[in-house]
Amino acid sequence: MYPPIEPYETGKLKVSDLHTLYYELSGNKNGTPVVFLHGGPGGGCDAKDRSFFDPTKYKIILFDQRGAGKSTPTASLEENTTWDLVKDTEKLREHLGIDKWHVFGGSWGSTLSLAYAQSHPDRVKTLVLRGIFTLRKSELRFFYQEGTSHLFPEAWEEFIAPIPEAERHDMVTAYHAQLNSVDEETRLRAARAWTKWEMFTSKLYVDPAHVAEAERNDFANAFARIENHYFVNDGFMRDGQLLEKQEIDKIRHIPCVVVQGRYDVVCPVSHHPPSPPFYDRHGHRSAADAHAGCLHQPTTAYDLKKVWPELTLHIVPDAGHSSREPGIAKLLVKATDDFAHI
C-alpha cells in the first residue's frame with residue numbers, strides 16, 4: 001500500500017432534507033478519479049483507505065455513506081436504503097464535475113459498487129472489488145446463523161449472549177429488536193456484540209486491535225444499526241438481484257478485478273449451492289438439516305465469476321476477509337496500478 005497522505009479538500013454534500021454526506025479528495029487534483037465505497041453498511045471511511053491508490057496518478061475520492069462516519073445524522077435509518085446510496089454516489093460524481101470514474105469497494109462496498117455500476121454503467125471506468133457480498137439470504141444465514149459459528153465458537157458464544165435462547169433461531173431479527181430498543185444500554189450492548197462478531201471473524205488471524213474497535217460506542221452504534229437495518233430488509237432488492245444475467249449484462253464490458261480471501265468466512269468463496277431454510281415455522285431443526293447447513297456454504301465471488309467470466313478473480317490462499325491482510329492488499333494495489341492509465 002502507498003504511504004499515508006492527507007486530503008487536499010474536504011466537504012459536505014446535502015443529499016436530502018435529512019442527510020448530509022462528508023467527502024474528501026486526496027492525491028493528484030488532475031489525476032484519474034476513483035471513488036472508494038466503504039463497507040458495512042455503516043462502517044465509514046478510514047484514512048488508510050487512501051493508500052490503495054497511487055497518489056501521483058489518482059484523484060482519490062472517499063465519502064461516508066448515510067449515517068456513517070462523519071456524515072449526519074449519525075446512525076440514522078431513515079431514508080437509508082441501497083438505492084438511496086446509489087443516488088448519493090451519482091450526486092457526488094455530478095457535484096465534483098466528474099464524467100467517469102473508477103469504482104473500488106470491498107464487502108458491502110462491493111455490493112454498492114455492483115448496484116451503482118448496474119444503475120450507471122456509462123459512468124464507471126473500471127471496478128476493483130474485494131470480499132464479494134451480494135446480500136442474498138443464504139449469505140446472511142451463513143454468517144449470522146449457521147456456518148461461521150462452527151469456526152469461531154468462542155466468539156459465537158459472545159455474539160448470541162444478548163439474545164434470549166428462544167429467539168436465537170433468527171439472529172438478525174432478534175438483534176433488530178435490541179438495536180432499536182428504547183433503552184440506550186440495551187441498544188449499545190447489542191451494537192458492541194454485533195460489531196465484535198464481525199471484527200473477530202474478519203481476518204485469518206484474529207487481530208485484537210481490530211476487535212477492540214467494537215468497544216467504541218459511536219462506531220459500533222452506527223455500524224451495527226445500519227448494517228442490521230439493511231440485512232433485515234434484504235438489502236432492499238430481490239434475492240440474488242446483483243447476480244442476475246440481465247443485471248450483469250449491463251456491466252459486462254467494464255474491466256473488473258475481484259480479490260477474495262480463501263478463508264473469508266464473512267463473505268466466503270464457495271461453489272456449493274445454498275441449502276434450504278434451516279428452520280421450520282416452529283423454530284426447530286433436524287440434525288440432518290443442521291449438518292447440511294455446515295456443508296452448503298453460500299456462493300459469493302465464485303458465483304459472480306460464473307455469471308461474469310470476463311472478470312479477473314484472484315483467490316488469496318492465506319487470507320480472510322479484511323482488505324488489510326497482506327496478500328489481499330497487495331493484489332488490490334496491483335489492480336489499481338494496472339487500471340491507472342484507463
# chains A, B, ... in the order shown; residues from 1 in each chain; ligands from 1
$ select_by_dssp --residues "region 105-158 of chain A" --states "alpha helix (DSSP H)" --output "ChimeraX atom specification"
/A:108-119,137-144,153-158
$ residues_around --residues "Phe200 (chain A)" --least-positions-apart "3" --cutoff "8 Å" --atoms "only C-alpha atoms" --output "list of chain:residue names"
A:Ala155, A:Lys196, A:Trp197, A:Lys203, A:Val206, A:Asp207, A:Pro208, A:His210, A:Val211
$ write_last_selection --atoms "N, CA and C atoms" --output "CSV table (one decimal), in the first residue's frame"
chain,number,residue,atom,x,y,z
A,155,ALA,N,-16.3,-16.9,19.9
A,155,ALA,CA,-16.8,-15.6,19.5
A,155,ALA,C,-18.3,-15.7,19.3
A,196,LYS,N,-18.5,-6.7,17.4
A,196,LYS,CA,-17.4,-7.6,17.8
A,196,LYS,C,-17.4,-8.9,17.0
A,197,TRP,N,-18.5,-9.4,16.7
A,197,TRP,CA,-18.6,-10.7,16.0
A,197,TRP,C,-17.9,-10.5,14.6
A,203,LYS,N,-10.5,-11.5,9.9
A,203,LYS,CA,-9.1,-11.8,9.5
A,203,LYS,C,-8.7,-13.2,9.7
A,206,VAL,N,-6.9,-13.6,14.2
A,206,VAL,CA,-7.7,-12.6,14.9
A,206,VAL,C,-6.8,-11.5,15.4
A,207,ASP,N,-7.2,-10.3,15.1
A,207,ASP,CA,-6.4,-9.1,15.4
A,207,ASP,C,-7.1,-8.4,16.6
A,208,PRO,N,-6.5,-8.4,17.8
A,208,PRO,CA,-7.1,-7.8,19.0
A,208,PRO,C,-7.4,-6.3,18.8
A,210,HIS,N,-8.3,-4.8,16.1
A,210,HIS,CA,-9.4,-4.8,15.2
A,210,HIS,C,-10.7,-5.1,16.1
A,211,VAL,N,-10.6,-6.1,16.9
A,211,VAL,CA,-11.7,-6.5,17.8
A,211,VAL,C,-12.1,-5.4,18.7
$ residues_around --residues "His120 (chain A)" --least-positions-apart "5" --cutoff "9 Å" --atoms "only C-alpha atoms" --output "VMD selection string"
chain A and resid 86 90 115 250
$ write_last_selection --atoms "C-alpha atoms" --output "compact mmCIF listing (two decimals), in the first residue's frame"
# COMPACT_ATOMS: atom_id res chain seq x y z
CA VAL A 86 -26.66 4.65 -5.32
CA GLU A 90 -24.17 9.69 -8.50
CA ALA A 115 -25.54 -1.80 -7.61
CA LYS A 250 -25.25 -4.09 -18.14
$ select_by_dssp --residues "region 102-326 of chain A" --states "strand (DSSP E)" --output "PyMOL selection string"
chain A and resi 102-106+124-130+256-261+312-316
$ write_last_selection --atoms "N, CA, C and O atoms" --output "PDB file, in the first residue's frame"
ATOM      1  N   HIS A 102     -13.273   5.484 -11.758  1.00  0.00           N
ATOM      2  CA  HIS A 102     -13.036   4.124 -11.315  1.00  0.00           C
ATOM      3  C   HIS A 102     -13.816   3.912 -10.015  1.00  0.00           C
ATOM      4  O   HIS A 102     -13.959   4.846  -9.214  1.00  0.00           O
ATOM      5  N   VAL A 103     -14.292   2.693  -9.794  1.00  0.00           N
ATOM      6  CA  VAL A 103     -15.063   2.388  -8.587  1.00  0.00           C
ATOM      7  C   VAL A 103     -14.377   1.241  -7.852  1.00  0.00           C
ATOM      8  O   VAL A 103     -14.073   0.201  -8.449  1.00  0.00           O
ATOM      9  N   PHE A 104     -14.148   1.445  -6.559  1.00  0.00           N
ATOM     10  CA  PHE A 104     -13.407   0.491  -5.715  1.00  0.00           C
ATOM     11  C   PHE A 104     -14.246   0.220  -4.475  1.00  0.00           C
ATOM     12  O   PHE A 104     -14.665   1.150  -3.777  1.00  0.00           O
ATOM     13  N   GLY A 105     -14.522  -1.066  -4.178  1.00  0.00           N
ATOM     14  CA  GLY A 105     -15.311  -1.374  -2.992  1.00  0.00           C
ATOM     15  C   GLY A 105     -15.106  -2.796  -2.519  1.00  0.00           C
ATOM     16  O   GLY A 105     -14.925  -3.711  -3.325  1.00  0.00           O
ATOM     17  N   GLY A 106     -15.139  -2.972  -1.189  1.00  0.00           N
ATOM     18  CA  GLY A 106     -14.984  -4.298  -0.613  1.00  0.00           C
ATOM     19  C   GLY A 106     -16.095  -4.613   0.359  1.00  0.00           C
ATOM     20  O   GLY A 106     -16.638  -3.721   1.020  1.00  0.00           O
ATOM     21  N   VAL A 124     -18.830   4.352 -15.178  1.00  0.00           N
ATOM     22  CA  VAL A 124     -17.821   3.533 -14.494  1.00  0.00           C
ATOM     23  C   VAL A 124     -16.723   3.122 -15.466  1.00  0.00           C
ATOM     24  O   VAL A 124     -16.993   2.470 -16.482  1.00  0.00           O
ATOM     25  N   LYS A 125     -15.485   3.501 -15.153  1.00  0.00           N
ATOM     26  CA  LYS A 125     -14.344   3.112 -15.980  1.00  0.00           C
ATOM     27  C   LYS A 125     -13.920   1.676 -15.714  1.00  0.00           C
ATOM     28  O   LYS A 125     -13.720   0.879 -16.628  1.00  0.00           O
ATOM     29  N   THR A 126     -13.724   1.363 -14.424  1.00  0.00           N
ATOM     30  CA  THR A 126     -13.304   0.021 -14.012  1.00  0.00           C
ATOM     31  C   THR A 126     -13.901  -0.274 -12.649  1.00  0.00           C
ATOM     32  O   THR A 126     -14.353   0.629 -11.937  1.00  0.00           O
ATOM     33  N   LEU A 127     -13.871  -1.547 -12.277  1.00  0.00           N
ATOM     34  CA  LEU A 127     -14.292  -1.979 -10.951  1.00  0.00           C
ATOM     35  C   LEU A 127     -13.170  -2.788 -10.314  1.00  0.00           C
ATOM     36  O   LEU A 127     -12.623  -3.709 -10.934  1.00  0.00           O
ATOM     37  N   VAL A 128     -12.828  -2.457  -9.079  1.00  0.00           N
ATOM     38  CA  VAL A 128     -11.933  -3.276  -8.256  1.00  0.00           C
ATOM     39  C   VAL A 128     -12.732  -3.654  -7.009  1.00  0.00           C
ATOM     40  O   VAL A 128     -13.124  -2.774  -6.232  1.00  0.00           O
ATOM     41  N   LEU A 129     -12.991  -4.953  -6.844  1.00  0.00           N
ATOM     42  CA  LEU A 129     -13.869  -5.435  -5.790  1.00  0.00           C
ATOM     43  C   LEU A 129     -13.151  -6.432  -4.902  1.00  0.00           C
ATOM     44  O   LEU A 129     -12.289  -7.177  -5.361  1.00  0.00           O
ATOM     45  N   ARG A 130     -13.553  -6.460  -3.622  1.00  0.00           N
ATOM     46  CA  ARG A 130     -12.922  -7.374  -2.664  1.00  0.00           C
ATOM     47  C   ARG A 130     -13.979  -7.947  -1.726  1.00  0.00           C
ATOM     48  O   ARG A 130     -14.899  -7.267  -1.323  1.00  0.00           O
ATOM     49  N   CYS A 256     -12.935  -5.535 -14.745  1.00  0.00           N
ATOM     50  CA  CYS A 256     -13.201  -5.792 -13.327  1.00  0.00           C
ATOM     51  C   CYS A 256     -12.205  -6.784 -12.768  1.00  0.00           C
ATOM     52  O   CYS A 256     -11.948  -7.832 -13.372  1.00  0.00           O
ATOM     53  N   VAL A 257     -11.649  -6.456 -11.611  1.00  0.00           N
ATOM     54  CA  VAL A 257     -10.773  -7.363 -10.863  1.00  0.00           C
ATOM     55  C   VAL A 257     -11.425  -7.625  -9.507  1.00  0.00           C
ATOM     56  O   VAL A 257     -11.860  -6.688  -8.828  1.00  0.00           O
ATOM     57  N   VAL A 258     -11.490  -8.887  -9.125  1.00  0.00           N
ATOM     58  CA  VAL A 258     -12.034  -9.294  -7.836  1.00  0.00           C
ATOM     59  C   VAL A 258     -10.929  -9.973  -7.034  1.00  0.00           C
ATOM     60  O   VAL A 258     -10.249 -10.867  -7.547  1.00  0.00           O
ATOM     61  N   VAL A 259     -10.749  -9.549  -5.787  1.00  0.00           N
ATOM     62  CA  VAL A 259      -9.774 -10.154  -4.883  1.00  0.00           C
ATOM     63  C   VAL A 259     -10.538 -10.761  -3.707  1.00  0.00           C
ATOM     64  O   VAL A 259     -11.298 -10.064  -3.038  1.00  0.00           O
ATOM     65  N   GLN A 260     -10.321 -12.042  -3.478  1.00  0.00           N
ATOM     66  CA  GLN A 260     -11.108 -12.783  -2.486  1.00  0.00           C
ATOM     67  C   GLN A 260     -10.193 -13.641  -1.618  1.00  0.00           C
ATOM     68  O   GLN A 260      -9.367 -14.388  -2.142  1.00  0.00           O
ATOM     69  N   GLY A 261     -10.321 -13.534  -0.302  1.00  0.00           N
ATOM     70  CA  GLY A 261      -9.563 -14.395   0.584  1.00  0.00           C
ATOM     71  C   GLY A 261     -10.132 -15.811   0.596  1.00  0.00           C
ATOM     72  O   GLY A 261     -11.352 -15.987   0.693  1.00  0.00           O
ATOM     73  N   THR A 312     -11.592 -10.763 -13.795  1.00  0.00           N
ATOM     74  CA  THR A 312     -10.408 -11.450 -13.275  1.00  0.00           C
ATOM     75  C   THR A 312     -10.609 -11.718 -11.790  1.00  0.00           C
ATOM     76  O   THR A 312     -10.836 -10.770 -11.017  1.00  0.00           O
ATOM     77  N   LEU A 313     -10.553 -12.981 -11.392  1.00  0.00           N
ATOM     78  CA  LEU A 313     -10.743 -13.368  -9.994  1.00  0.00           C
ATOM     79  C   LEU A 313      -9.432 -13.874  -9.412  1.00  0.00           C
ATOM     80  O   LEU A 313      -8.833 -14.818  -9.935  1.00  0.00           O
ATOM     81  N   HIS A 314      -8.989 -13.233  -8.336  1.00  0.00           N
ATOM     82  CA  HIS A 314      -7.816 -13.685  -7.585  1.00  0.00           C
ATOM     83  C   HIS A 314      -8.293 -14.230  -6.247  1.00  0.00           C
ATOM     84  O   HIS A 314      -8.933 -13.509  -5.477  1.00  0.00           O
ATOM     85  N   ILE A 315      -7.980 -15.481  -5.944  1.00  0.00           N
ATOM     86  CA  ILE A 315      -8.270 -16.052  -4.636  1.00  0.00           C
ATOM     87  C   ILE A 315      -6.962 -16.136  -3.855  1.00  0.00           C
ATOM     88  O   ILE A 315      -6.015 -16.807  -4.270  1.00  0.00           O
ATOM     89  N   VAL A 316      -6.909 -15.403  -2.753  1.00  0.00           N
ATOM     90  CA  VAL A 316      -5.679 -15.311  -1.961  1.00  0.00           C
ATOM     91  C   VAL A 316      -5.647 -16.493  -0.988  1.00  0.00           C
ATOM     92  O   VAL A 316      -6.548 -16.637  -0.153  1.00  0.00           O
TER      93      VAL A 316
END
$ atom_distance --atom1 "CA of Leu37 (chain A)" --atom2 "CA of Trp108 (chain A)"
8.3 Å
$ decode --residues "region 38-61 of chain A" --atoms "N, CA, C and O atoms" --output "tab-separated table (two decimals), in the first residue's frame"
chain	number	residue	atom	x	y	z
A	38	HIS	N	-17.07	2.40	0.98
A	38	HIS	CA	-16.71	1.68	2.21
A	38	HIS	C	-17.70	0.56	2.53
A	38	HIS	O	-18.77	0.44	1.94
A	39	GLY	N	-17.29	-0.25	3.50
A	39	GLY	CA	-18.09	-1.41	3.88
A	39	GLY	C	-19.10	-1.14	4.97
A	39	GLY	O	-19.35	-0.01	5.36
A	40	GLY	N	-19.66	-2.21	5.48
A	40	GLY	CA	-20.71	-2.17	6.49
A	40	GLY	C	-21.95	-2.87	5.97
A	40	GLY	O	-21.98	-4.09	5.93
A	41	PRO	N	-22.98	-2.09	5.56
A	41	PRO	CA	-23.04	-0.63	5.54
A	41	PRO	C	-22.99	-0.03	6.95
A	41	PRO	O	-23.34	-0.70	7.92
A	42	GLY	N	-22.51	1.18	7.03
A	42	GLY	CA	-22.38	1.86	8.31
A	42	GLY	C	-20.96	1.96	8.80
A	42	GLY	O	-20.71	2.53	9.86
A	43	GLY	N	-19.98	1.39	8.05
A	43	GLY	CA	-18.61	1.33	8.53
A	43	GLY	C	-17.86	2.65	8.47
A	43	GLY	O	-17.00	2.92	9.29
A	44	GLY	N	-18.17	3.49	7.49
A	44	GLY	CA	-17.43	4.74	7.33
A	44	GLY	C	-16.05	4.51	6.74
A	44	GLY	O	-15.56	3.38	6.67
A	45	CYS	N	-15.41	5.59	6.31
A	45	CYS	CA	-14.08	5.52	5.72
A	45	CYS	C	-13.00	5.69	6.78
A	45	CYS	O	-13.24	6.19	7.87
A	46	ASP	N	-11.80	5.27	6.42
A	46	ASP	CA	-10.63	5.36	7.28
A	46	ASP	C	-9.51	6.00	6.47
A	46	ASP	O	-9.44	5.83	5.25
A	47	ALA	N	-8.61	6.73	7.14
A	47	ALA	CA	-7.51	7.39	6.45
A	47	ALA	C	-6.67	6.40	5.64
A	47	ALA	O	-6.16	6.74	4.57
A	48	LYS	N	-6.57	5.16	6.12
A	48	LYS	CA	-5.77	4.16	5.41
A	48	LYS	C	-6.37	3.78	4.06
A	48	LYS	O	-5.67	3.23	3.20
A	49	ASP	N	-7.65	4.06	3.87
A	49	ASP	CA	-8.30	3.70	2.61
A	49	ASP	C	-7.72	4.48	1.43
A	49	ASP	O	-7.85	4.05	0.28
A	50	ARG	N	-7.10	5.62	1.71
A	50	ARG	CA	-6.48	6.40	0.62
A	50	ARG	C	-5.28	5.67	0.03
A	50	ARG	O	-4.88	5.94	-1.11
A	51	SER	N	-4.71	4.75	0.80
A	51	SER	CA	-3.42	4.17	0.44
A	51	SER	C	-3.50	3.00	-0.54
A	51	SER	O	-2.48	2.40	-0.87
A	52	PHE	N	-4.68	2.69	-1.03
A	52	PHE	CA	-4.81	1.68	-2.08
A	52	PHE	C	-4.49	2.24	-3.46
A	52	PHE	O	-4.44	1.50	-4.44
A	53	PHE	N	-4.27	3.56	-3.54
A	53	PHE	CA	-4.15	4.23	-4.82
A	53	PHE	C	-2.87	5.05	-4.91
A	53	PHE	O	-2.49	5.71	-3.95
A	54	ASP	N	-2.23	5.03	-6.08
A	54	ASP	CA	-1.04	5.82	-6.33
A	54	ASP	C	-1.45	7.31	-6.32
A	54	ASP	O	-2.18	7.77	-7.20
A	55	PRO	N	-0.99	8.08	-5.33
A	55	PRO	CA	-1.43	9.47	-5.21
A	55	PRO	C	-0.89	10.38	-6.30
A	55	PRO	O	-1.36	11.51	-6.43
A	56	THR	N	0.06	9.91	-7.08
A	56	THR	CA	0.56	10.72	-8.20
A	56	THR	C	-0.30	10.54	-9.44
A	56	THR	O	-0.25	11.36	-10.36
A	57	LYS	N	-1.11	9.48	-9.45
A	57	LYS	CA	-1.91	9.17	-10.65
A	57	LYS	C	-3.41	9.31	-10.42
A	57	LYS	O	-4.16	9.54	-11.38
A	58	TYR	N	-3.86	9.16	-9.18
A	58	TYR	CA	-5.30	9.14	-8.91
A	58	TYR	C	-5.77	10.38	-8.15
A	58	TYR	O	-5.09	10.88	-7.25
A	59	LYS	N	-6.93	10.85	-8.52
A	59	LYS	CA	-7.71	11.78	-7.71
A	59	LYS	C	-8.60	10.88	-6.85
A	59	LYS	O	-9.54	10.25	-7.34
A	60	ILE	N	-8.31	10.80	-5.56
A	60	ILE	CA	-8.89	9.80	-4.66
A	60	ILE	C	-10.07	10.41	-3.92
A	60	ILE	O	-9.92	11.40	-3.18
A	61	ILE	N	-11.24	9.82	-4.09
A	61	ILE	CA	-12.48	10.36	-3.51
A	61	ILE	C	-13.04	9.36	-2.50
A	61	ILE	O	-13.35	8.22	-2.85
